[in-house]
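Asker: As input, take protein_39.txt (compact mmCIF, C-alpha atoms):
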```
# COMPACT_ATOMS: atom_id res chain seq x y z
CA MET F 1002 0.00 0.00 0.00
CA SER F 1003 1.12 3.55 -0.59
CA GLY F 1004 1.71 6.00 2.25
CA VAL F 1005 -1.97 6.81 2.57
CA SER F 1006 -4.01 4.83 5.10
CA GLU F 1007 -7.68 4.43 5.94
CA ALA F 1008 -7.05 6.25 9.20
CA SER F 1009 -5.57 9.28 7.44
CA ILE F 1010 -8.46 9.33 4.97
CA LEU F 1011 -11.06 9.23 7.73
CA ALA F 1012 -9.16 11.95 9.58
CA ALA F 1013 -9.36 14.15 6.48
CA LEU F 1014 -13.06 13.42 6.05
CA LYS F 1015 -13.73 14.46 9.66
CA GLY F 1016 -13.15 17.98 8.39
CA ILE F 1017 -16.21 17.77 6.11
CA VAL F 1018 -19.35 18.93 7.90
CA GLU F 1019 -22.86 17.90 6.86
CA PRO F 1020 -24.60 21.30 6.62
CA SER F 1021 -28.01 20.46 8.06
CA ARG F 1022 -26.79 18.47 11.08
CA LYS F 1023 -23.62 20.48 11.78
CA GLN F 1024 -21.49 17.39 12.35
CA ASP F 1025 -18.75 15.82 10.32
CA ILE F 1026 -19.62 13.02 7.92
CA VAL F 1027 -17.42 10.45 9.71
CA THR F 1028 -19.04 11.01 13.13
CA LEU F 1029 -22.47 10.78 11.47
CA GLY F 1030 -21.55 7.37 10.04
CA MET F 1031 -22.05 8.50 6.44
CA ILE F 1032 -18.86 6.92 5.04
CA SER F 1033 -19.04 3.36 3.74
CA GLY F 1034 -17.27 1.06 1.28
CA LEU F 1035 -13.86 2.69 1.76
CA VAL F 1036 -11.28 1.12 -0.57
CA VAL F 1037 -7.59 2.10 -0.70
CA LYS F 1038 -5.32 0.53 -3.32
CA ASP F 1039 -2.00 1.87 -4.63
CA GLY F 1040 -2.99 5.47 -3.95
CA ASN F 1041 -6.44 5.08 -5.54
CA VAL F 1042 -9.24 5.79 -3.07
CA GLY F 1043 -12.95 5.08 -3.36
CA PHE F 1044 -15.78 5.48 -0.89
CA ALA F 1045 -19.50 6.13 -0.65
CA ILE F 1046 -21.30 8.87 1.28
CA GLU F 1047 -24.69 7.66 2.46
CA VAL F 1048 -27.27 10.43 2.38
CA ASP F 1049 -30.99 10.94 2.70
CA PRO F 1050 -32.34 10.74 -0.88
CA ARG F 1051 -34.49 13.80 -0.23
CA GLU F 1052 -31.31 15.82 0.28
CA GLY F 1053 -29.12 14.15 -2.33
CA ALA F 1054 -29.48 16.85 -4.99
CA GLY F 1055 -28.17 19.51 -2.62
CA LEU F 1056 -25.22 17.50 -1.32
CA GLU F 1057 -23.15 17.40 -4.49
CA PRO F 1058 -20.90 20.20 -3.07
CA LEU F 1059 -20.32 18.02 0.00
CA ARG F 1060 -19.28 15.10 -2.22
CA LYS F 1061 -16.86 17.30 -4.12
CA ALA F 1062 -15.44 18.72 -0.89
CA ALA F 1063 -14.87 15.19 0.43
CA GLU F 1064 -13.04 14.20 -2.77
CA GLN F 1065 -10.85 17.30 -2.60
CA ALA F 1066 -9.99 16.74 1.07
CA VAL F 1067 -8.81 13.19 0.39
CA HIS F 1068 -7.02 14.11 -2.82
CA ALA F 1069 -4.93 16.64 -0.88
CA LEU F 1070 -3.36 13.82 1.18
CA ASP F 1071 0.17 12.72 0.36
CA GLY F 1072 0.23 9.46 -1.59
CA VAL F 1073 -3.27 9.81 -3.08
CA THR F 1074 -3.34 9.71 -6.88
CA SER F 1075 -7.09 9.54 -7.52
CA VAL F 1076 -10.34 9.71 -5.55
CA THR F 1077 -13.82 8.52 -6.42
CA ALA F 1078 -16.61 9.45 -4.01
CA VAL F 1079 -20.24 8.59 -4.72
CA LEU F 1080 -23.48 9.67 -3.11
CA THR F 1081 -25.70 6.75 -2.21
CA ALA F 1082 -29.03 6.56 -0.42
CA GLU F 1083 -30.16 3.32 1.18
CA ARG F 1084 -33.31 4.48 2.93
CA ALA F 1085 -35.04 7.78 3.38
CA GLY F 1086 -34.61 8.61 7.04
CA PRO F 1087 -36.90 10.89 9.06
CA ALA F 1088 -35.95 14.56 9.22
CA GLY F 1089 -32.72 14.94 11.14
CA ALA F 1090 -31.97 11.21 11.21
CA PRO F 1091 -28.70 9.88 9.82
CA ALA F 1092 -28.82 8.37 6.36
CA GLY F 1093 -29.56 4.67 6.58
CA ALA F 1094 -31.42 5.00 9.89
CA SER F 1095 -34.47 2.79 10.35
CA THR F 1096 -37.72 4.28 9.08
CA GLY F 1097 -40.06 1.37 9.66
CA ALA F 1098 -40.06 0.61 5.94
CA ALA F 1099 -40.65 -2.93 4.80
CA PRO F 1100 -37.49 -5.05 4.90
CA GLY F 1101 -35.53 -4.92 1.67
CA LYS F 1102 -37.15 -1.68 0.47
CA ALA F 1103 -34.55 0.92 -0.42
CA ALA F 1104 -34.87 4.40 -1.85
CA ALA F 1105 -33.31 4.97 -5.25
CA PRO F 1106 -29.96 6.74 -5.22
CA GLN F 1107 -29.73 10.35 -6.24
CA ARG F 1108 -28.98 10.41 -9.95
CA PRO F 1109 -25.85 12.34 -10.85
CA GLY F 1110 -26.80 14.70 -13.65
CA ALA F 1111 -30.45 14.88 -12.59
CA GLN F 1112 -31.99 18.33 -12.75
CA ALA F 1113 -35.05 19.95 -11.24
CA GLY F 1114 -38.26 18.83 -12.84
CA GLY F 1115 -36.82 15.48 -13.85
CA ALA F 1116 -34.78 16.69 -16.82
CA GLN F 1117 -31.55 14.80 -17.33
CA GLN F 1118 -28.22 15.91 -18.70
CA ALA F 1119 -26.38 13.82 -21.26
CA MET F 1120 -24.23 11.51 -19.17
CA VAL F 1121 -21.63 10.73 -21.80
CA PRO F 1122 -20.95 13.73 -24.02
CA GLY F 1123 -19.02 12.91 -27.17
CA VAL F 1124 -20.29 9.31 -27.37
CA ARG F 1125 -22.52 8.78 -30.41
CA SER F 1126 -24.02 5.46 -29.34
CA ILE F 1127 -24.08 3.09 -26.38
CA VAL F 1128 -24.80 -0.62 -26.78
CA ALA F 1129 -25.31 -3.01 -23.87
CA VAL F 1130 -24.14 -6.61 -24.28
CA ALA F 1131 -26.21 -8.70 -21.91
CA SER F 1132 -27.21 -12.22 -20.96
CA GLY F 1133 -29.83 -13.70 -18.70
CA LYS F 1134 -27.28 -15.86 -16.87
CA GLY F 1135 -23.55 -16.14 -16.33
CA GLY F 1136 -21.15 -18.45 -18.10
CA VAL F 1137 -22.41 -17.94 -21.65
CA GLY F 1138 -19.37 -15.97 -22.88
CA LYS F 1139 -20.87 -12.48 -22.74
CA SER F 1140 -17.60 -10.74 -21.77
CA THR F 1141 -15.63 -12.60 -24.43
CA THR F 1142 -18.25 -11.60 -26.98
CA THR F 1143 -18.16 -7.96 -25.84
CA THR F 1144 -14.37 -7.80 -26.15
CA ASN F 1145 -14.18 -9.36 -29.59
CA LEU F 1146 -17.10 -7.32 -30.96
CA ALA F 1147 -15.44 -4.13 -29.68
CA LEU F 1148 -12.18 -5.10 -31.37
CA GLY F 1149 -14.05 -5.98 -34.56
CA LEU F 1150 -15.65 -2.54 -34.57
CA ALA F 1151 -12.26 -0.90 -33.97
CA ALA F 1152 -10.75 -2.91 -36.84
CA ALA F 1153 -13.47 -1.46 -39.07
CA GLY F 1154 -12.13 2.02 -38.32
CA LEU F 1155 -14.56 3.10 -35.59
CA LYS F 1156 -13.68 4.86 -32.35
CA VAL F 1157 -14.65 2.34 -29.68
CA GLY F 1158 -14.82 2.18 -25.89
CA VAL F 1159 -15.73 -0.61 -23.47
CA LEU F 1160 -17.38 -0.02 -20.10
CA ASP F 1161 -17.07 -3.03 -17.80
CA ALA F 1162 -20.34 -2.76 -15.88
CA ASP F 1163 -19.85 -6.06 -14.06
CA ILE F 1164 -18.86 -4.49 -10.74
CA TYR F 1165 -18.68 -7.80 -8.87
CA GLY F 1166 -16.77 -9.74 -11.53
CA PRO F 1167 -14.87 -7.37 -13.84
CA SER F 1168 -13.01 -9.21 -16.60
CA GLN F 1169 -12.26 -6.63 -19.28
CA PRO F 1170 -8.79 -5.65 -17.92
CA ARG F 1171 -7.59 -9.23 -18.33
CA MET F 1172 -9.31 -9.81 -21.67
CA LEU F 1173 -8.00 -6.58 -23.18
CA GLY F 1174 -4.53 -7.18 -21.76
CA ILE F 1175 -4.52 -3.96 -19.73
CA SER F 1176 -2.85 -3.54 -16.34
CA GLY F 1177 -2.09 -0.55 -14.16
CA ARG F 1178 -4.25 2.27 -12.87
CA PRO F 1179 -6.11 5.02 -14.75
CA SER F 1180 -4.61 8.48 -14.39
CA SER F 1181 -6.50 11.53 -13.18
CA PRO F 1182 -5.25 14.94 -14.28
CA ASP F 1183 -7.38 16.84 -11.75
CA GLY F 1184 -8.33 14.25 -9.11
CA LYS F 1185 -11.93 14.30 -10.33
CA THR F 1186 -11.95 12.90 -13.87
CA LEU F 1187 -10.32 9.61 -14.85
CA ASN F 1188 -8.65 8.93 -18.16
CA PRO F 1189 -9.73 5.52 -19.53
CA MET F 1190 -7.11 2.83 -20.09
CA GLU F 1191 -6.48 1.74 -23.68
CA ASN F 1192 -5.18 -1.20 -25.70
CA TYR F 1193 -5.63 -2.36 -29.31
CA GLY F 1194 -7.17 1.05 -30.07
CA VAL F 1195 -10.06 0.48 -27.63
CA LYS F 1196 -10.63 2.64 -24.54
CA CYS F 1197 -11.77 0.85 -21.38
CA MET F 1198 -12.93 1.62 -17.85
CA SER F 1199 -13.50 -1.09 -15.26
CA MET F 1200 -13.68 -1.48 -11.51
CA GLY F 1201 -10.93 -4.04 -12.11
CA PHE F 1202 -8.49 -1.16 -12.61
CA LEU F 1203 -9.25 0.24 -9.17
CA VAL F 1204 -9.21 -2.87 -6.98
CA ALA F 1205 -7.12 -6.04 -6.98
CA GLU F 1206 -8.46 -9.08 -8.86
CA ASP F 1207 -8.94 -11.04 -5.63
CA THR F 1208 -10.68 -8.21 -3.74
CA PRO F 1209 -14.42 -8.85 -3.29
CA MET F 1210 -16.78 -5.93 -3.93
CA ILE F 1211 -19.16 -6.17 -0.97
CA TRP F 1212 -21.45 -3.36 -2.11
CA ARG F 1213 -25.20 -2.97 -1.90
CA GLY F 1214 -27.30 -2.09 -4.94
CA PRO F 1215 -27.32 1.72 -4.52
CA MET F 1216 -23.52 1.78 -4.32
CA VAL F 1217 -23.28 -0.26 -7.51
CA GLN F 1218 -25.66 2.14 -9.23
CA SER F 1219 -23.62 5.18 -8.17
CA ALA F 1220 -20.34 3.55 -9.25
CA LEU F 1221 -21.75 2.84 -12.72
CA GLN F 1222 -22.99 6.39 -13.06
CA GLN F 1223 -19.58 7.75 -12.15
CA MET F 1224 -17.73 5.44 -14.53
CA LEU F 1225 -19.83 7.06 -17.24
CA ARG F 1226 -19.96 10.63 -15.99
CA ASP F 1227 -16.48 11.10 -14.52
CA VAL F 1228 -14.43 9.37 -17.23
CA ASP F 1229 -13.03 11.37 -20.13
CA TRP F 1230 -14.20 9.07 -22.92
CA GLY F 1231 -13.50 11.66 -25.60
CA GLU F 1232 -15.12 11.21 -29.01
CA LEU F 1233 -16.44 7.68 -29.55
CA ASP F 1234 -18.58 6.21 -32.29
CA ILE F 1235 -19.75 3.45 -29.96
CA LEU F 1236 -19.39 2.51 -26.30
CA MET F 1237 -19.90 -1.21 -25.67
CA VAL F 1238 -21.14 -2.02 -22.17
CA ASP F 1239 -20.25 -5.43 -20.75
CA MET F 1240 -23.27 -5.98 -18.50
CA PRO F 1241 -23.34 -8.30 -15.50
CA PRO F 1242 -25.56 -11.36 -15.92
CA GLY F 1243 -29.18 -11.20 -14.88
CA THR F 1244 -31.76 -8.43 -14.55
CA GLY F 1245 -30.77 -6.61 -11.35
CA ASP F 1246 -29.62 -3.19 -10.17
CA ALA F 1247 -26.88 -2.65 -12.75
CA GLN F 1248 -29.18 -3.49 -15.66
CA LEU F 1249 -31.94 -1.20 -14.40
CA THR F 1250 -29.45 1.62 -13.80
CA MET F 1251 -28.11 1.35 -17.35
CA ALA F 1252 -31.56 0.97 -18.91
CA GLN F 1253 -33.21 3.79 -16.96
CA GLN F 1254 -30.50 6.39 -16.69
CA VAL F 1255 -28.38 5.95 -19.82
CA PRO F 1256 -29.63 6.67 -23.36
CA LEU F 1257 -28.84 3.21 -24.70
CA THR F 1258 -28.96 2.91 -28.47
CA GLY F 1259 -29.68 -0.80 -28.17
CA ALA F 1260 -28.82 -4.13 -26.58
CA VAL F 1261 -27.26 -7.36 -27.84
CA ILE F 1262 -28.30 -10.58 -26.10
CA VAL F 1263 -25.76 -13.43 -25.83
CA SER F 1264 -26.90 -16.99 -25.19
CA THR F 1265 -25.78 -20.57 -25.66
CA PRO F 1266 -28.11 -22.88 -27.62
CA GLN F 1267 -29.54 -24.98 -24.77
CA ASP F 1268 -33.07 -24.41 -23.49
CA ILE F 1269 -32.16 -23.30 -19.95
CA ALA F 1270 -29.83 -20.56 -21.23
CA LEU F 1271 -32.42 -19.41 -23.74
CA LEU F 1272 -35.03 -19.19 -20.98
CA ASP F 1273 -32.80 -16.81 -19.04
CA ALA F 1274 -31.85 -14.90 -22.19
CA ARG F 1275 -35.55 -14.35 -22.84
CA LYS F 1276 -35.88 -12.71 -19.42
CA GLY F 1277 -33.06 -10.31 -20.20
CA LEU F 1278 -34.54 -9.54 -23.59
CA ASN F 1279 -37.96 -8.84 -22.10
CA MET F 1280 -36.41 -6.53 -19.48
CA PHE F 1281 -34.92 -4.32 -22.20
CA ARG F 1282 -38.21 -4.32 -24.08
CA LYS F 1283 -40.10 -3.21 -20.96
CA VAL F 1284 -37.86 -0.16 -20.61
CA ASP F 1285 -37.99 0.67 -24.33
CA VAL F 1286 -34.41 -0.27 -25.19
CA PRO F 1287 -34.24 -1.65 -28.75
CA VAL F 1288 -32.86 -5.19 -28.84
CA LEU F 1289 -30.53 -5.33 -31.83
CA GLY F 1290 -30.47 -9.12 -31.94
CA ILE F 1291 -29.24 -12.38 -30.42
CA VAL F 1292 -25.79 -14.00 -30.67
CA GLU F 1293 -25.47 -17.76 -30.22
CA ASN F 1294 -22.17 -18.46 -28.46
CA MET F 1295 -20.60 -21.92 -28.11
CA SER F 1296 -22.79 -22.87 -31.05
CA MET F 1297 -20.78 -25.97 -31.98
CA PHE F 1298 -17.45 -27.66 -31.29
CA ILE F 1299 -15.25 -28.63 -34.21
CA CYS F 1300 -12.59 -31.19 -33.33
CA PRO F 1301 -9.16 -29.73 -34.18
CA ASN F 1302 -7.86 -33.22 -35.06
CA CYS F 1303 -10.56 -34.74 -37.24
CA GLY F 1304 -12.83 -31.80 -38.04
CA HIS F 1305 -15.95 -33.51 -36.64
CA GLU F 1306 -18.65 -31.04 -35.58
CA SER F 1307 -20.26 -31.73 -32.18
CA HIS F 1308 -23.23 -29.83 -30.73
CA ILE F 1309 -22.31 -29.99 -27.05
CA PHE F 1310 -24.95 -27.45 -25.99
CA GLY F 1311 -27.30 -28.13 -28.86
CA HIS F 1312 -27.37 -25.98 -31.97
CA GLY F 1313 -29.64 -23.37 -33.51
CA GLY F 1314 -31.61 -22.63 -30.36
CA ALA F 1315 -30.84 -18.91 -30.39
CA ARG F 1316 -31.75 -18.66 -34.08
CA ARG F 1317 -35.12 -20.31 -33.42
CA GLU F 1318 -35.67 -18.08 -30.39
CA ALA F 1319 -34.92 -14.97 -32.46
CA GLU F 1320 -37.42 -16.06 -35.11
CA LYS F 1321 -40.03 -16.78 -32.43
CA LEU F 1322 -39.57 -13.33 -30.88
CA GLY F 1323 -39.43 -11.50 -34.18
CA MET F 1324 -35.90 -10.19 -33.91
CA GLU F 1325 -32.66 -10.60 -35.78
CA PHE F 1326 -30.28 -13.50 -35.29
CA LEU F 1327 -26.89 -11.78 -35.45
CA GLY F 1328 -24.73 -14.86 -35.83
CA GLU F 1329 -23.09 -17.83 -34.15
CA VAL F 1330 -19.65 -18.36 -32.64
CA PRO F 1331 -18.15 -21.82 -32.06
CA LEU F 1332 -16.76 -23.27 -28.84
CA ASP F 1333 -13.06 -23.15 -29.59
CA ILE F 1334 -9.99 -23.41 -27.39
CA GLU F 1335 -8.26 -20.58 -29.27
CA ILE F 1336 -11.05 -18.16 -28.27
CA ARG F 1337 -10.64 -19.14 -24.63
CA GLU F 1338 -6.83 -19.07 -24.63
CA THR F 1339 -6.51 -15.74 -26.40
CA SER F 1340 -9.14 -14.12 -24.19
CA ASP F 1341 -7.51 -15.35 -20.99
CA GLY F 1342 -4.13 -14.21 -22.29
CA GLY F 1343 -5.24 -10.68 -23.12
CA ARG F 1344 -4.80 -11.25 -26.88
CA PRO F 1345 -8.37 -11.71 -28.15
CA VAL F 1346 -8.67 -13.75 -31.32
CA VAL F 1347 -9.92 -10.83 -33.41
CA VAL F 1348 -6.52 -9.13 -33.03
CA SER F 1349 -4.22 -12.14 -32.50
CA ASN F 1350 -5.55 -14.21 -35.43
CA PRO F 1351 -7.92 -12.02 -37.44
CA ASP F 1352 -8.03 -14.44 -40.39
CA ALA F 1353 -9.35 -17.34 -38.29
CA ALA F 1354 -12.91 -18.45 -39.01
CA HIS F 1355 -14.14 -17.57 -35.53
CA ALA F 1356 -12.45 -14.13 -35.67
CA GLN F 1357 -14.27 -13.56 -38.95
CA ALA F 1358 -17.53 -14.60 -37.25
CA TYR F 1359 -17.04 -11.90 -34.60
CA ALA F 1360 -16.15 -9.35 -37.28
CA ALA F 1361 -19.33 -10.14 -39.24
CA ILE F 1362 -21.48 -9.78 -36.14
CA ALA F 1363 -19.73 -6.49 -35.28
CA ARG F 1364 -20.46 -5.13 -38.76
CA ARG F 1365 -24.13 -6.07 -38.44
CA VAL F 1366 -24.37 -4.47 -35.00
CA TRP F 1367 -22.92 -1.23 -36.37
CA ASP F 1368 -25.34 -1.34 -39.33
CA LYS F 1369 -28.25 -1.53 -36.90
CA VAL F 1370 -26.80 1.13 -34.59
CA SER F 1371 -26.34 3.45 -37.59
CA GLN F 1372 -29.98 2.91 -38.52
CA GLN F 1373 -31.04 3.82 -34.97
CA ILE F 1374 -28.94 6.99 -35.06
CA ASP F 1375 -30.20 8.00 -38.52
CA ALA F 1376 -33.80 7.33 -37.53
CA GLY F 1377 -33.90 9.66 -34.57
CA GLY F 1378 -30.58 10.41 -32.98
CA ALA F 1379 -29.82 9.51 -29.38
CA ARG F 1380 -32.51 7.66 -27.53
CA LYS F 1381 -33.85 9.40 -24.44
CA ALA F 1382 -33.55 7.54 -21.15
CA PRO F 1383 -36.93 6.05 -20.21
CA GLN F 1384 -38.74 6.34 -16.91
CA ILE F 1385 -39.52 3.11 -15.07
CA VAL F 1386 -42.86 3.16 -13.28
CA MET F 1387 -43.45 0.56 -10.56
CA GLN F 1388 -47.06 -0.57 -10.40
```
Output the file's structure in the form of structure tokens.

Answerer:
Amino acid sequence: MSGVSEASILAALKGIVEPSRKQDIVTLGMISGLVVKDGNVGFAIEVDPREGAGLEPLRKAAEQAVHALDGVTSVTAVLTAERAGPAGAPAGASTGAAPGKAAAPQRPGAQAGGAQQAMVPGVRSIVAVASGKGGVGKSTTTTNLALGLAAAGLKVGVLDADIYGPSQPRMLGISGRPSSPDGKTLNPMENYGVKCMSMGFLVAEDTPMIWRGPMVQSALQQMLRDVDWGELDILMVDMPPGTGDAQLTMAQQVPLTGAVIVSTPQDIALLDARKGLNMFRKVDVPVLGIVENMSMFICPNCGHESHIFGHGGARREAEKLGMEFLGEVPLDIEIRETSDGGRPVVVSNPDAAHAQAYAAIARRVWDKVSQQIDAGGARKAPQIVMQ
């Protein structure tokens, strides 16, 4: 660890006073999720959601106080609201609400009257790559599609939205920490011509992220808002599996151009993929199509084709749901080895059949994204109404 310690950080934060209660934010128990790694500091400030909009200056003051410490290279502080406490009560205090009910976090960029600022200026389109369950190769697909788009001459970024299991640093062969010229905005890391931001750059690979939903939501918002993405044609978002907090945050608060669903051919994976697809439909995010991963296995010795997980299930599902089948990718050891080694097949062996499969899917995704842009420009973030 660098010269900075948790104790010195908390001592600095004791100088930040919550304006309505006239006490410092450490004494009030507002600091949570403090992470210190190689001079990079992250923490959450738990606030009453009714006061969140007015506490942005407090968040900035906390960041500045910690950034002034010797040994600190970057600071990320997020506002998060677990429950709405009664007037004067500390954030997170019991309110008698039903167990498990939590207030939504204050949205960075939200304005009075519900208007919302563009969260990612300079980015022409944002595409989520999602799956209904883990283990179907979603991250590998995201990486190779991003590299296929970059090979076609586009300016591409990848946001690793899987807070609990970030894998893009390893797959893109990137190590180190993002720099911050002012202590507030991070510069994305880059390799193979693709920009990337991931929680994996800020914490060690073996460090568990023991964060509640609102903290995950705030972290995602900041990885969009407080990263200097520059000018991008497309930002690919590697979503975590399932239909939880991260997916709702991205679908509700980010103007997604569309989503790509990744599934393997077997029925159980397709059932979960259908759930993810229906979630995007419910929040008015266009689903660009389905990719069938691990579609077949071709023996490298004899060339025999085996359908380990079945074959054609995603194509049939796409036809049933009235959407496009974007393509299929085989189960191949070269895809696994190159991804694990940080040399994805699209760049390490671009002439291979499976690299060409990724490239073809990437071209089709960009065709559909271009149609979305030409049809009406950036999609507005929808509002989710709970009934």

Asker: When you count all atoms listed in the file, which of these residues is closest to F:Ala1358: F:Leu1146, F:Leu1322, F:Ile1334, F:Ile1262?

Answerer: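 Between F:Leu1146, F:Leu1322, F:Ile1334, F:Ile1262, the residue approaching F:Ala1358 most closely is F:Leu1146.
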
Asker: Measuring atom to atom with only C-alpha atoms, identify which of F:Val1347, F:Leu1332, F:Ala1260, F:Val1037 is nearest to F:Ile1127.

Answerer: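 Going through F:Val1347, F:Leu1332, F:Ala1260, F:Val1037 one by one, the smallest distance to F:Ile1127 is for F:Ala1260.
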
Asker: Tell me, in Å to one decimal, how far atom CA of F:Val1005 is from atom CA of F:Asp1039.

Answerer: 8.7 Å

Asker: Please, what distance in Å, to one decimal, runs between atom CA of F:Met1251 and atom CA of F:Leu1221?

Answerer: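 Distance reported for this atom pair: 8.0 Å.
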
Asker: Atom CA of F:Ile1046 and atom CA of F:Ser1075 are how many Å apart?

Answerer: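 The value is 16.7 Å.
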
Asker: Using all atoms listed in the file, list the residues that have an atom at most 7 Å from (-23.9, -9.5, -29.8), coordinates as in the file, as a ChimeraX atom specification.

Answerer: /F:1130,1142,1261-1263,1290-1292,1327,1362

Asker: In terms of the shortest atom-to-atom distance over all atoms listed in the file, which of F:Gly1184, F:Pro1287, F:Pro1345, F:Gly1166 is closest to F:Val1042?

Answerer: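 Going through F:Gly1184, F:Pro1287, F:Pro1345, F:Gly1166 one by one, the smallest distance to F:Val1042 is for F:Gly1184.
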
Asker: Show me the residues close to (-20.3, 5.1, -2.6) - anything with an atom within 6 Å, counting only C-alpha atoms - and format the list as an mmCIF file with C-alpha atoms, in the frame of the given file.

Answerer:
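So the final result, stored in point38.cif, reads:
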```cif
data_model
loop_
_atom_site.group_PDB
_atom_site.id
_atom_site.type_symbol
_atom_site.label_atom_id
_atom_site.label_comp_id
_atom_site.auth_asym_id
_atom_site.auth_seq_id
_atom_site.Cartn_x
_atom_site.Cartn_y
_atom_site.Cartn_z
ATOM 1 C CA PHE F 1044 -15.780 5.480 -0.890
ATOM 2 C CA ALA F 1045 -19.500 6.130 -0.650
ATOM 3 C CA ILE F 1046 -21.300 8.870 1.280
ATOM 4 C CA ALA F 1078 -16.610 9.450 -4.010
ATOM 5 C CA VAL F 1079 -20.240 8.590 -4.720
ATOM 6 C CA LEU F 1080 -23.480 9.670 -3.110
ATOM 7 C CA THR F 1081 -25.700 6.750 -2.210
ATOM 8 C CA MET F 1216 -23.520 1.780 -4.320
#
```
